[in-house]
>>> print(open('structure_12.txt').read())   # compact mmCIF, C-alpha atoms
# COMPACT_ATOMS: atom_id res chain seq x y z
CA MET W 247 115.76 80.56 109.99
CA ALA W 248 113.19 82.86 108.39
CA ILE W 249 115.51 85.82 108.97
CA LEU W 250 118.34 83.84 107.38
CA VAL W 251 116.19 83.01 104.34
CA ALA W 252 115.14 86.67 103.99
CA THR W 253 118.70 87.99 104.31
CA VAL W 254 120.39 85.47 102.00
CA SER W 255 117.70 85.87 99.33
CA ARG W 256 118.12 89.66 99.42
CA ILE W 257 121.88 89.40 99.02
CA ALA W 258 121.42 86.93 96.16
CA LEU W 259 118.97 89.23 94.38
CA PHE W 260 121.20 92.25 94.98
CA PHE W 261 124.18 90.66 93.23
CA GLY W 262 122.08 88.68 90.74
CA THR W 263 120.41 91.77 89.30
CA MET W 264 123.84 93.28 88.68
CA LEU W 265 124.17 90.59 86.01
CA VAL W 266 120.51 90.39 84.92
CA PRO W 267 118.56 93.59 85.76
CA VAL W 268 114.81 93.37 86.38
CA PRO W 269 112.68 95.52 84.04
CA ASN W 270 110.20 97.90 85.64
CA GLU W 271 106.78 98.86 84.27
CA SER W 272 108.40 101.28 81.83
CA GLY W 273 110.86 98.64 80.60
CA LEU W 274 113.85 100.33 82.29
CA PRO W 275 116.46 98.03 83.90
CA ILE W 276 116.46 98.04 87.71
CA SER W 277 119.57 96.90 89.56
CA PRO W 278 122.06 98.23 92.15
CA LEU W 279 124.21 99.47 89.25
CA THR W 280 121.52 101.56 87.53
CA ALA W 281 119.89 104.83 88.57
CA ASN W 282 117.05 104.36 86.10
CA THR W 283 113.80 104.29 88.05
CA ALA W 284 110.31 105.60 87.39
CA LEU W 285 109.70 106.21 91.11
CA ASP W 286 110.11 110.01 90.91
CA LEU W 287 113.91 109.92 91.06
CA GLY W 288 114.21 112.81 88.61
CA TYR W 289 111.95 114.94 90.80
CA TYR W 290 114.00 114.17 93.92
CA GLN W 291 117.27 114.86 92.12
CA TRP W 292 115.81 118.22 91.13
CA ALA W 293 114.82 118.82 94.77
CA ARG W 294 118.37 117.87 95.79
CA GLY W 295 119.63 120.67 93.56
CA MET W 296 117.14 123.10 95.11
CA TYR W 297 118.03 122.20 98.68
CA PHE W 298 121.77 122.13 98.17
CA GLY W 299 122.20 125.15 95.97
CA ASP W 300 122.68 123.82 92.45
CA THR W 301 122.91 127.27 90.88
CA GLN W 302 121.62 126.25 87.45
CA VAL W 303 118.58 124.45 88.89
CA VAL W 304 117.67 127.46 91.06
CA ILE W 305 118.11 129.88 88.15
CA ASP W 306 115.92 127.71 85.87
CA VAL W 307 113.16 127.46 88.48
CA VAL W 308 113.14 131.18 89.27
CA SER W 309 113.15 132.13 85.58
CA ARG W 310 110.25 129.78 84.78
CA PHE W 311 108.31 131.08 87.77
CA LEU W 312 108.85 134.73 86.83
CA ALA W 313 107.79 133.93 83.27
CA GLY W 314 104.56 132.41 84.59
CA ARG W 315 105.46 128.85 83.63
CA GLU W 316 105.47 125.75 85.84
CA PRO W 317 104.77 127.17 89.30
CA VAL W 318 104.47 123.49 90.28
CA SER W 319 108.28 123.49 90.36
CA PHE W 320 108.04 124.90 93.87
CA PHE W 321 106.28 121.80 95.20
CA LEU W 322 109.23 120.64 97.25
CA PRO W 323 109.33 117.21 98.93
CA GLY W 324 110.59 116.66 102.45
CA PRO W 325 114.32 117.34 102.68
CA LEU W 326 115.49 114.00 104.10
CA TYR W 327 115.53 111.90 100.93
CA PRO W 328 117.19 114.61 98.76
CA SER W 329 119.75 114.95 101.58
CA LEU W 330 120.43 111.22 101.39
CA LEU W 331 120.93 111.46 97.63
CA HIS W 332 123.36 114.31 98.25
CA ILE W 333 125.28 112.57 101.06
CA PHE W 334 125.77 109.42 99.00
CA ASP W 335 126.20 111.47 95.78
CA TYR W 336 123.72 109.13 94.09
CA GLY W 337 123.67 109.22 90.28
CA PRO W 338 124.29 107.13 87.15
CA LYS W 339 128.03 106.92 87.86
CA ASN W 340 127.75 106.32 91.61
CA THR W 341 124.93 103.97 92.61
CA LEU W 342 126.52 101.28 94.82
CA PRO W 343 126.95 103.19 98.12
CA LEU W 344 123.27 104.12 98.46
CA SER W 345 122.10 100.81 96.93
CA SER W 346 124.15 98.93 99.54
CA PHE W 347 122.54 101.03 102.27
CA TYR W 348 119.12 99.99 100.94
CA LEU W 349 120.20 96.33 101.07
CA LEU W 350 121.13 96.69 104.74
CA LEU W 351 117.91 98.60 105.49
CA SER W 352 115.76 95.97 103.76
CA ALA W 353 117.45 93.12 105.66
CA GLY W 354 117.10 94.93 108.98
CA LEU W 355 113.48 95.84 108.31
CA VAL W 356 112.39 92.30 107.46
CA ALA W 357 114.27 90.98 110.50
CA ALA W 358 112.45 93.45 112.79
CA TRP W 359 109.04 92.53 111.43
CA LEU W 360 109.79 88.79 111.56
CA TRP W 361 110.75 89.23 115.22
CA TRP W 362 107.41 90.98 115.84
CA LEU W 363 105.41 88.33 113.96
CA TRP W 364 107.20 85.55 115.85
CA HIS W 365 106.48 87.19 119.22
CA ASN W 366 102.83 87.44 118.17
CA ASN W 367 102.67 83.67 117.62
CA VAL W 368 102.58 83.61 113.82
CA GLY W 369 103.24 80.07 112.59
CA ARG W 370 106.51 78.89 111.10
CA ILE W 371 105.22 78.48 107.53
CA TRP W 372 103.76 81.98 107.61
CA LEU W 373 107.14 83.37 108.74
CA TYR W 374 108.83 81.82 105.71
CA VAL W 375 106.12 83.22 103.44
CA PHE W 376 106.64 86.70 104.88
CA ALA W 377 110.41 86.38 104.46
CA VAL W 378 110.02 86.09 100.67
CA LEU W 379 107.18 88.52 99.96
CA PRO W 380 108.11 90.09 96.59
CA SER W 381 107.35 93.81 97.06
CA PRO W 382 110.04 94.47 99.74
CA TYR W 383 112.63 93.04 97.32
CA TRP W 384 111.42 95.42 94.63
CA PHE W 385 111.74 98.48 96.83
CA MET W 386 115.15 97.34 97.99
CA LEU W 387 116.31 97.63 94.36
CA ASN W 388 114.33 100.81 93.66
CA VAL W 389 116.07 103.66 95.43
CA SER W 390 113.07 105.75 96.52
CA THR W 391 111.37 107.07 99.66
CA ASP W 392 109.23 103.93 99.98
CA LEU W 393 111.69 101.73 101.89
CA LEU W 394 112.85 104.62 104.07
CA PHE W 395 109.29 105.49 105.05
CA ALA W 396 108.55 101.82 105.70
CA GLY W 397 111.45 101.81 108.15
CA ALA W 398 110.06 104.87 109.96
CA VAL W 399 106.56 103.33 110.21
CA CYS W 400 108.08 100.07 111.50
CA ALA W 401 109.89 101.96 114.27
CA PHE W 402 106.68 103.89 115.06
CA TRP W 403 104.59 100.73 115.32
CA LEU W 404 107.10 98.76 117.42
CA LEU W 405 107.54 101.69 119.81
CA TRP W 406 104.02 103.05 120.16
CA PHE W 407 102.16 99.73 120.43
CA GLU W 408 104.67 98.18 122.85
CA PRO W 409 103.10 98.44 126.35
CA ARG W 410 106.30 97.44 128.18
CA ILE W 411 108.10 100.68 127.22
CA PRO W 412 107.65 103.45 129.85
CA ASP W 413 105.34 106.21 128.60
CA ALA W 414 107.87 109.05 128.84
CA ARG W 415 110.58 107.14 126.97
CA ARG W 416 108.08 105.95 124.38
CA MET W 417 106.83 109.49 123.68
CA VAL W 418 110.35 110.86 123.24
CA SER W 419 111.32 107.97 120.93
CA VAL W 420 108.16 108.30 118.87
CA ALA W 421 108.64 112.08 118.60
CA VAL W 422 112.04 111.44 116.98
CA VAL W 423 110.58 108.81 114.64
CA VAL W 424 107.64 110.93 113.44
CA THR W 425 109.97 113.88 112.86
CA ILE W 426 112.07 111.67 110.58
CA ALA W 427 108.90 110.40 108.90
CA VAL W 428 107.46 113.84 108.11
CA LEU W 429 110.82 114.92 106.71
CA LEU W 430 110.47 111.99 104.28
CA ARG W 431 106.87 111.84 103.07
CA PRO W 432 103.60 113.79 103.45
CA ASN W 433 101.93 110.47 104.39
CA ALA W 434 103.57 110.88 107.79
CA LEU W 435 100.93 113.48 108.64
CA SER W 436 98.64 110.47 109.13
CA LEU W 437 100.93 109.29 111.94
CA LEU W 438 100.69 112.70 113.60
CA LEU W 439 96.89 112.73 113.29
CA PHE W 440 96.65 109.23 114.77
CA LEU W 441 98.89 110.25 117.66
CA CYS W 442 96.61 113.19 118.46
CA PHE W 443 93.50 110.97 118.52
CA ASP W 444 95.18 108.16 120.42
CA ILE W 445 96.76 110.34 123.10
CA LEU W 446 93.62 112.41 123.64
CA ILE W 447 91.58 109.24 124.13
CA CYS W 448 94.03 107.01 126.03
CA GLU W 449 96.17 109.51 127.94
CA VAL W 450 93.71 112.34 128.55
CA ALA W 451 90.09 111.18 128.39
CA LEU W 452 90.53 107.73 129.98
CA LYS W 453 93.00 108.65 132.74
CA GLU W 454 92.52 110.44 136.01
CA PRO W 455 93.97 113.97 136.28
CA GLY W 456 97.64 113.78 137.13
CA ARG W 457 101.15 113.62 135.73
CA ALA W 458 100.31 111.20 132.90
CA ARG W 459 97.41 113.34 131.78
CA ARG W 460 99.47 116.57 131.80
CA ARG W 461 102.24 114.81 129.88
CA GLY W 462 99.69 113.65 127.31
CA LEU W 463 98.33 117.18 126.85
CA ILE W 464 101.83 118.64 126.39
CA PHE W 465 102.77 115.93 123.89
CA THR W 466 99.50 116.47 122.00
CA ALA W 467 100.18 120.20 121.80
CA LEU W 468 103.63 119.55 120.33
CA ILE W 469 102.17 117.11 117.80
CA VAL W 470 99.50 119.63 116.77
CA VAL W 471 102.12 122.36 116.20
CA MET W 472 104.26 119.96 114.16
CA SER W 473 101.20 118.88 112.16
CA ILE W 474 100.25 122.46 111.28
CA VAL W 475 103.80 123.36 110.20
CA PHE W 476 104.22 120.33 107.94
CA ALA W 477 100.62 120.46 106.66
CA LEU W 478 101.28 123.98 105.38
CA PHE W 479 104.57 122.81 103.83
CA TYR W 480 102.95 119.85 102.06
CA LEU W 481 99.62 121.49 101.20
CA PRO W 482 100.54 122.49 97.60
CA TYR W 483 101.92 119.02 96.93
CA PHE W 484 98.82 117.35 98.44
CA TYR W 485 96.50 119.54 96.37
CA TRP W 486 98.44 118.72 93.20
CA VAL W 487 98.21 114.98 93.87
CA VAL W 488 94.53 114.86 94.85
CA ALA W 489 93.12 117.46 92.44
CA GLY W 490 95.45 116.91 89.51
CA ASN W 491 97.61 113.81 89.29
CA SER W 492 95.18 111.31 90.83
CA ALA W 493 92.36 112.38 88.48
CA SER W 494 94.22 110.91 85.49
CA VAL W 495 94.74 107.42 86.99
CA VAL W 496 92.32 104.76 85.72
CA TYR W 497 90.95 101.95 87.88
CA PHE W 498 90.03 98.87 85.85
CA GLY W 499 89.62 101.05 82.75
CA TRP W 500 87.61 103.97 84.20
CA LEU W 501 88.67 107.36 85.52
CA PRO W 502 87.60 108.45 89.02
CA SER W 503 85.41 111.15 87.44
CA GLN W 504 83.53 108.45 85.50
CA TYR W 505 82.87 106.52 88.70
CA LEU W 506 81.71 109.71 90.44
CA ASP W 507 79.38 110.63 87.54
CA GLY W 508 77.89 107.11 87.51
CA LEU W 509 78.82 104.06 85.47
CA TRP W 510 75.27 102.81 84.89
CA PRO W 511 73.13 105.73 83.66
CA ASP W 512 70.20 103.40 82.82
CA LEU W 513 69.68 102.73 86.53
CA PRO W 514 67.83 105.14 88.83
CA GLU W 515 70.17 108.00 89.77
CA VAL W 516 70.45 107.14 93.46
CA LEU W 517 71.21 103.49 92.71
CA ASN W 518 73.58 104.41 89.88
CA LEU W 519 75.62 106.82 92.01
CA GLY W 520 75.57 104.58 95.09
CA LEU W 521 76.85 101.55 93.18
CA SER W 522 79.39 103.61 91.21
CA TRP W 523 80.86 105.27 94.30
CA PHE W 524 81.06 101.93 96.07
CA ALA W 525 82.71 100.45 92.96
CA LEU W 526 85.32 103.26 93.05
CA LEU W 527 86.09 102.54 96.71
CA ALA W 528 86.30 98.80 96.03
CA ALA W 529 88.55 99.35 93.00
CA LYS W 530 90.87 101.58 95.00
CA VAL W 531 91.08 99.02 97.80
CA LEU W 532 91.90 96.27 95.30
CA TYR W 533 94.60 98.43 93.68
CA LEU W 534 95.92 99.29 97.13
CA THR W 535 96.34 95.65 98.14
CA GLY W 536 98.04 94.81 94.82
CA MET W 537 95.16 93.17 92.97
CA ARG W 538 95.52 95.25 89.81
CA PRO W 539 96.83 95.07 86.25
CA SER W 540 100.19 96.52 85.34
CA PHE W 541 100.45 100.26 84.70
CA GLY W 542 102.94 99.52 81.90
CA ASP W 543 104.31 96.60 79.92
CA THR W 544 105.50 94.40 82.78
CA VAL W 545 105.96 90.75 81.80
CA ALA W 546 103.16 88.44 82.99
CA PRO W 547 105.19 86.39 85.55
CA LEU W 548 106.22 89.57 87.39
CA VAL W 549 102.60 90.81 87.39
CA VAL W 550 101.44 87.50 88.90
CA LEU W 551 104.24 87.68 91.47
CA ARG W 552 103.08 91.16 92.47
CA ILE W 553 99.42 90.09 92.71
CA LEU W 554 100.01 86.98 94.86
CA PRO W 555 100.50 88.81 98.22
CA SER W 556 97.07 90.44 97.80
CA VAL W 557 95.57 87.02 98.56
CA ILE W 558 96.83 87.62 102.12
CA MET W 559 96.67 91.43 102.30
CA LEU W 560 93.04 91.88 101.24
CA PRO W 561 91.57 89.40 103.78
CA GLY W 562 93.95 90.87 106.37
CA LEU W 563 92.64 94.39 105.77
CA LEU W 564 89.00 93.26 106.00
CA TRP W 565 89.64 91.19 109.16
CA LEU W 566 91.50 94.11 110.75
CA LEU W 567 88.74 96.65 110.03
CA ILE W 568 86.07 94.34 111.44
CA ARG W 569 87.69 92.56 114.37
CA ALA W 570 90.98 94.13 115.41
CA GLU W 571 91.46 96.23 118.55
CA TRP W 572 89.94 99.71 118.16
CA ARG W 573 93.36 101.44 118.32
CA VAL W 574 94.65 99.31 115.44
CA ARG W 575 91.52 100.05 113.41
CA LEU W 576 91.89 103.77 114.12
CA PHE W 577 95.52 103.67 113.01
CA MET W 578 94.65 101.86 109.78
CA ILE W 579 91.74 104.16 108.89
CA VAL W 580 93.75 107.34 109.52
CA PHE W 581 96.68 105.92 107.54
CA LEU W 582 94.64 104.77 104.53
CA VAL W 583 92.09 107.57 104.03
CA PRO W 584 94.57 110.09 102.50
CA ILE W 585 95.90 107.37 100.18
CA LEU W 586 92.39 106.43 99.05
CA LEU W 587 91.67 110.10 98.35
CA GLY W 588 94.73 110.26 96.11
CA ILE W 589 96.41 107.60 93.99
CA SER W 590 95.80 104.09 95.31
CA GLN W 591 98.85 101.93 94.62
CA ASP W 592 100.26 98.94 96.46
CA ARG W 593 103.58 100.78 96.96
CA TYR W 594 101.82 103.00 99.50
CA ILE W 595 100.96 100.07 101.79
CA LEU W 596 104.55 98.81 101.95
CA PRO W 597 104.93 100.35 105.45
CA ILE W 598 101.83 98.56 106.79
CA GLN W 599 102.19 95.37 104.76
CA PRO W 600 103.48 93.37 107.77
CA ILE W 601 100.44 94.46 109.83
CA LEU W 602 98.06 93.41 107.06
CA PHE W 603 100.02 90.16 106.72
CA PHE W 604 99.59 89.45 110.44
CA TYR W 605 95.83 89.91 110.28
CA GLY W 606 95.76 88.03 106.98
CA THR W 607 97.14 84.97 108.78
CA LYS W 608 94.29 85.30 111.28
CA ALA W 609 91.74 85.62 108.48
CA TRP W 610 93.04 82.57 106.61
CA GLY W 611 93.24 80.60 109.86
CA GLU W 612 89.53 81.19 110.43
CA ILE W 613 88.67 80.47 106.79
CA VAL W 614 90.48 77.11 106.94
CA GLN W 615 88.88 76.32 110.31
CA PHE W 616 85.42 77.09 108.93
CA CYS W 617 86.01 74.90 105.86
CA LEU W 618 87.19 71.99 108.01
CA LYS W 619 84.15 72.28 110.28
CA TYR W 620 81.85 72.43 107.26
CA ARG W 621 83.44 69.32 105.74
CA THR W 622 83.17 67.31 108.97
CA ARG W 623 79.56 68.39 109.65
CA PRO W 624 77.21 65.36 109.43
CA ALA W 625 74.84 65.34 106.50
>>> encode(input="structure_12.txt", output="structure tokens")
Amino acid sequence: MAILVATVSRIALFFGTMLVPVPNESGLPISPLTANTALDLGYYQWARGMYFGDTQVVIDVVSRFLAGREPVSFFLPGPLYPSLLHIFDYGPKNTLPLSSFYLLLSAGLVAAWLWWLWHNNVGRIWLYVFAVLPSPYWFMLNVSTDLLFAGAVCAFWLLWFEPRIPDARRMVSVAVVVTIAVLLRPNALSLLLFLCFDILICEVALKEPGRARRRGLIFTALIVVMSIVFALFYLPYFYWVVAGNSASVVYFGWLPSQYLDGLWPDLPEVLNLGLSWFALLAAKVLYLTGMRPSFGDTVAPLVVLRILPSVIMLPGLLWLLIRAEWRVRLFMIVFLVPILLGISQDRYILPIQPILFFYGTKAWGEIVQFCLKYRTRPA
């Protein structure tokens, strides 16, 4: 029933926004019939031209580079998303084919996660809540890499953390998934790094010498080679994001440089810097879980709708980091650290939102249990 609710509501929103588009933070209309999105679409359309030989785009880039202007133009993204734009010929006059694909992907993705939550004994009410979380709807309408990468992370999680799949088959399947992921987003390097740690600990260090151990070493070597190749490819882009773009993003009114320099100069320096750096980390975590103001002029009801899931995600993240299995904690730390170093936005936790939701249900279950025990305690 939760899958039915999720699917029908997505179809309703898909066709409903054709009549009444939803405005994004820049005030642009978002619907399956519009290609107006602030989620870097122009950059990826440019990359599409670079990858697929748009002569004018290539000439413009080369001429600017030779003239010493805009060397950043050579910061290419992974080729998979530009290829998708090219295959579907996505543009202002042809939006429906790729938008329909995103509808199918969103419905399949929520169904897969609902199946996982159900098999992990999440209650019925929680399943219905997950079925109507607002951010997956938003990224279904916004044609970007976010939903595609969320699909790759979902496949990675369901394959790698499923003990009933034979090791050899699981490694081959995961190798295919992480290859797709790194062709989409630089964030996928976190998956490769986690695989290295996890295999070295579980398959090599904790197992007796033998076939499983040799297989783990071979797989780790392949992952390391893939990591080096794609790290070199994405290094200019990563440097631009961390050193340039992320420095201009404010968190609750202050720049990262202001946090790092100290927000309370009247305090002793050690206390000032300690509190300021902790405040920066806390602000980034709040922004990451969705507890943030709008970056633009989004209407208040949509801002509230975006903030509501953070009531589950933030406790889920804290519960996970404190009490989850060590492999899950390792995965989450490796996944989140690069995001916290760069721009912390809730769009970047879309792939792990179901995991945070699962642990959020555990956190709220214990909070409610504690409150009930406290109320029934004799005076």
>>> closest_residue(input="structure_12.txt", among="W:Phe298, W:Phe321, W:Tyr290, W:Phe603", to="Phe479 of chain W", atoms="all atoms listed in the file")
W:Phe321
>>> atom_distance(input="structure_12.txt", atom1="atom CA of Pro600 of chain W", atom2="atom CA of Phe443 of chain W")
22.9 Å
>>> atom_distance(input="structure_12.txt", atom1="atom CA of Ala609 of chain W", atom2="atom CA of Pro561 of chain W")
6.0 Å
>>> closest_residue(input="structure_12.txt", among="W:Leu446, W:Leu387, W:Val580, W:Leu519", to="Thr263 of chain W", atoms="all atoms listed in the file")
W:Leu387
>>> closest_residue(input="structure_12.txt", among="W:Ala570, W:Leu551, W:Leu394, W:Ile585", to="Pro597 of chain W", atoms="all atoms listed in the file")
W:Leu394
>>> atom_distance(input="structure_12.txt", atom1="atom CA of Ala477 of chain W", atom2="atom CA of Val424 of chain W")
13.6 Å
>>> residues_around(input="structure_12.txt", residues="Asn518 of chain W", least_positions_apart="3", cutoff="10 Å", atoms="all atoms listed in the file", output="number ranges by chain")
W: 505-515, 521-523
>>> closest_residue(input="structure_12.txt", among="W:Leu602, W:Phe476, W:Arg415, W:Leu342", to="Leu322 of chain W", atoms="all atoms listed in the file")
W:Phe476
>>> closest_residue(input="structure_12.txt", among="W:Val496, W:Pro555, W:Tyr374, W:Phe581", to="Phe541 of chain W", atoms="only C-alpha atoms")
W:Val496
>>> closest_residue(input="structure_12.txt", among="W:Leu468, W:Ile579, W:Ile333, W:Ala421", to="Leu567 of chain W", atoms="only C-alpha atoms")
W:Ile579
>>> residues_near_point(input="structure_12.txt", point="(106.4, 91.8, 78.9)", cutoff="9 Å", atoms="all atoms listed in the file", output="ChimeraX atom specification")
/W:269,271,273,542-548
>>> residues_around(input="structure_12.txt", residues="His365 of chain W", least_positions_apart="5", cutoff="12 Å", atoms="all atoms listed in the file", output="PDB file with C-alpha atoms, in the frame of the given file")
ATOM      1  CA  ALA W 358     112.450  93.450 112.790  1.00  0.00           C
ATOM      2  CA  TRP W 359     109.040  92.530 111.430  1.00  0.00           C
ATOM      3  CA  LEU W 360     109.790  88.790 111.560  1.00  0.00           C
ATOM      4  CA  ARG W 370     106.510  78.890 111.100  1.00  0.00           C
ATOM      5  CA  LEU W 373     107.140  83.370 108.740  1.00  0.00           C
ATOM      6  CA  LEU W 404     107.100  98.760 117.420  1.00  0.00           C
ATOM      7  CA  GLU W 408     104.670  98.180 122.850  1.00  0.00           C
ATOM      8  CA  PHE W 604      99.590  89.450 110.440  1.00  0.00           C
TER       9      PHE W 604
END
>>> residues_around(input="structure_12.txt", residues="Thr466 of chain W", least_positions_apart="2", cutoff="12 Å", atoms="all atoms listed in the file", output="ChimeraX atom specification")
/W:417,421,438-450,459-464,468-473
>>> build_atoms(input="structure_12.txt", residues="segment 382-390 of chain W", atoms="all heavy atoms", output="PDB file, keeping the file's coordinate frame")
ATOM      1  N   PRO W 382     108.856  93.906  99.064  1.00  0.00           N
ATOM      2  CA  PRO W 382     110.040  94.470  99.740  1.00  0.00           C
ATOM      3  C   PRO W 382     111.330  94.309  98.943  1.00  0.00           C
ATOM      4  O   PRO W 382     112.213  95.171  99.008  1.00  0.00           O
ATOM      5  CB  PRO W 382     110.091  93.685 101.061  1.00  0.00           C
ATOM      6  CG  PRO W 382     108.677  93.281 101.312  1.00  0.00           C
ATOM      7  CD  PRO W 382     108.128  92.981  99.963  1.00  0.00           C
ATOM      8  N   TYR W 383     111.448  93.220  98.179  1.00  0.00           N
ATOM      9  CA  TYR W 383     112.630  93.040  97.320  1.00  0.00           C
ATOM     10  C   TYR W 383     112.666  94.142  96.259  1.00  0.00           C
ATOM     11  O   TYR W 383     113.724  94.689  95.948  1.00  0.00           O
ATOM     12  CB  TYR W 383     112.587  91.682  96.626  1.00  0.00           C
ATOM     13  CG  TYR W 383     112.778  90.494  97.532  1.00  0.00           C
ATOM     14  CD1 TYR W 383     111.697  89.873  98.136  1.00  0.00           C
ATOM     15  CD2 TYR W 383     114.051  89.972  97.773  1.00  0.00           C
ATOM     16  CE1 TYR W 383     111.864  88.774  98.953  1.00  0.00           C
ATOM     17  CE2 TYR W 383     114.229  88.872  98.586  1.00  0.00           C
ATOM     18  CZ  TYR W 383     113.133  88.274  99.172  1.00  0.00           C
ATOM     19  OH  TYR W 383     113.310  87.190  99.992  1.00  0.00           O
ATOM     20  N   TRP W 384     111.494  94.434  95.700  1.00  0.00           N
ATOM     21  CA  TRP W 384     111.420  95.420  94.630  1.00  0.00           C
ATOM     22  C   TRP W 384     111.853  96.791  95.129  1.00  0.00           C
ATOM     23  O   TRP W 384     112.599  97.506  94.455  1.00  0.00           O
ATOM     24  CB  TRP W 384     109.991  95.464  94.084  1.00  0.00           C
ATOM     25  CG  TRP W 384     109.782  96.426  92.965  1.00  0.00           C
ATOM     26  CD1 TRP W 384     109.012  97.547  92.978  1.00  0.00           C
ATOM     27  CD2 TRP W 384     110.355  96.364  91.662  1.00  0.00           C
ATOM     28  NE1 TRP W 384     109.052  98.190  91.767  1.00  0.00           N
ATOM     29  CE2 TRP W 384     109.887  97.466  90.934  1.00  0.00           C
ATOM     30  CE3 TRP W 384     111.219  95.466  91.033  1.00  0.00           C
ATOM     31  CZ2 TRP W 384     110.245  97.725  89.621  1.00  0.00           C
ATOM     32  CZ3 TRP W 384     111.581  95.712  89.714  1.00  0.00           C
ATOM     33  CH2 TRP W 384     111.096  96.827  89.027  1.00  0.00           C
ATOM     34  N   PHE W 385     111.401  97.163  96.315  1.00  0.00           N
ATOM     35  CA  PHE W 385     111.740  98.480  96.830  1.00  0.00           C
ATOM     36  C   PHE W 385     113.118  98.522  97.459  1.00  0.00           C
ATOM     37  O   PHE W 385     113.614  99.605  97.771  1.00  0.00           O
ATOM     38  CB  PHE W 385     110.657  98.945  97.807  1.00  0.00           C
ATOM     39  CG  PHE W 385     109.345  99.222  97.123  1.00  0.00           C
ATOM     40  CD1 PHE W 385     108.284  98.344  97.244  1.00  0.00           C
ATOM     41  CD2 PHE W 385     109.200 100.336  96.324  1.00  0.00           C
ATOM     42  CE1 PHE W 385     107.086  98.585  96.598  1.00  0.00           C
ATOM     43  CE2 PHE W 385     108.005 100.589  95.674  1.00  0.00           C
ATOM     44  CZ  PHE W 385     106.949  99.715  95.804  1.00  0.00           C
ATOM     45  N   MET W 386     113.731  97.367  97.635  1.00  0.00           N
ATOM     46  CA  MET W 386     115.150  97.340  97.990  1.00  0.00           C
ATOM     47  C   MET W 386     115.986  97.739  96.769  1.00  0.00           C
ATOM     48  O   MET W 386     116.978  98.467  96.895  1.00  0.00           O
ATOM     49  CB  MET W 386     115.554  95.927  98.444  1.00  0.00           C
ATOM     50  CG  MET W 386     117.036  95.764  98.741  1.00  0.00           C
ATOM     51  SD  MET W 386     117.518  94.038  98.946  1.00  0.00           S
ATOM     52  CE  MET W 386     117.531  93.476  97.229  1.00  0.00           C
ATOM     53  N   LEU W 387     115.583  97.297  95.580  1.00  0.00           N
ATOM     54  CA  LEU W 387     116.310  97.630  94.360  1.00  0.00           C
ATOM     55  C   LEU W 387     115.995  99.035  93.873  1.00  0.00           C
ATOM     56  O   LEU W 387     116.849  99.696  93.295  1.00  0.00           O
ATOM     57  CB  LEU W 387     115.967  96.617  93.257  1.00  0.00           C
ATOM     58  CG  LEU W 387     116.372  95.158  93.509  1.00  0.00           C
ATOM     59  CD1 LEU W 387     115.853  94.272  92.384  1.00  0.00           C
ATOM     60  CD2 LEU W 387     117.879  95.021  93.639  1.00  0.00           C
ATOM     61  N   ASN W 388     114.752  99.480  94.087  1.00  0.00           N
ATOM     62  CA  ASN W 388     114.330 100.810  93.660  1.00  0.00           C
ATOM     63  C   ASN W 388     114.683 101.823  94.738  1.00  0.00           C
ATOM     64  O   ASN W 388     114.081 101.827  95.813  1.00  0.00           O
ATOM     65  CB  ASN W 388     112.816 100.832  93.423  1.00  0.00           C
ATOM     66  CG  ASN W 388     112.465 100.499  92.001  1.00  0.00           C
ATOM     67  OD1 ASN W 388     112.685 101.301  91.099  1.00  0.00           O
ATOM     68  ND2 ASN W 388     111.928  99.307  91.796  1.00  0.00           N
ATOM     69  N   VAL W 389     115.654 102.650  94.452  1.00  0.00           N
ATOM     70  CA  VAL W 389     116.070 103.660  95.430  1.00  0.00           C
ATOM     71  C   VAL W 389     115.027 104.781  95.414  1.00  0.00           C
ATOM     72  O   VAL W 389     114.984 105.604  94.496  1.00  0.00           O
ATOM     73  CB  VAL W 389     117.475 104.194  95.082  1.00  0.00           C
ATOM     74  CG1 VAL W 389     117.850 105.348  95.992  1.00  0.00           C
ATOM     75  CG2 VAL W 389     118.500 103.075  95.208  1.00  0.00           C
ATOM     76  N   SER W 390     114.161 104.782  96.430  1.00  0.00           N
ATOM     77  CA  SER W 390     113.070 105.750  96.520  1.00  0.00           C
ATOM     78  C   SER W 390     112.781 106.004  97.998  1.00  0.00           C
ATOM     79  O   SER W 390     113.448 105.473  98.885  1.00  0.00           O
ATOM     80  CB  SER W 390     111.824 105.214  95.810  1.00  0.00           C
ATOM     81  OG  SER W 390     111.323 104.079  96.508  1.00  0.00           O
TER      82      SER W 390
END
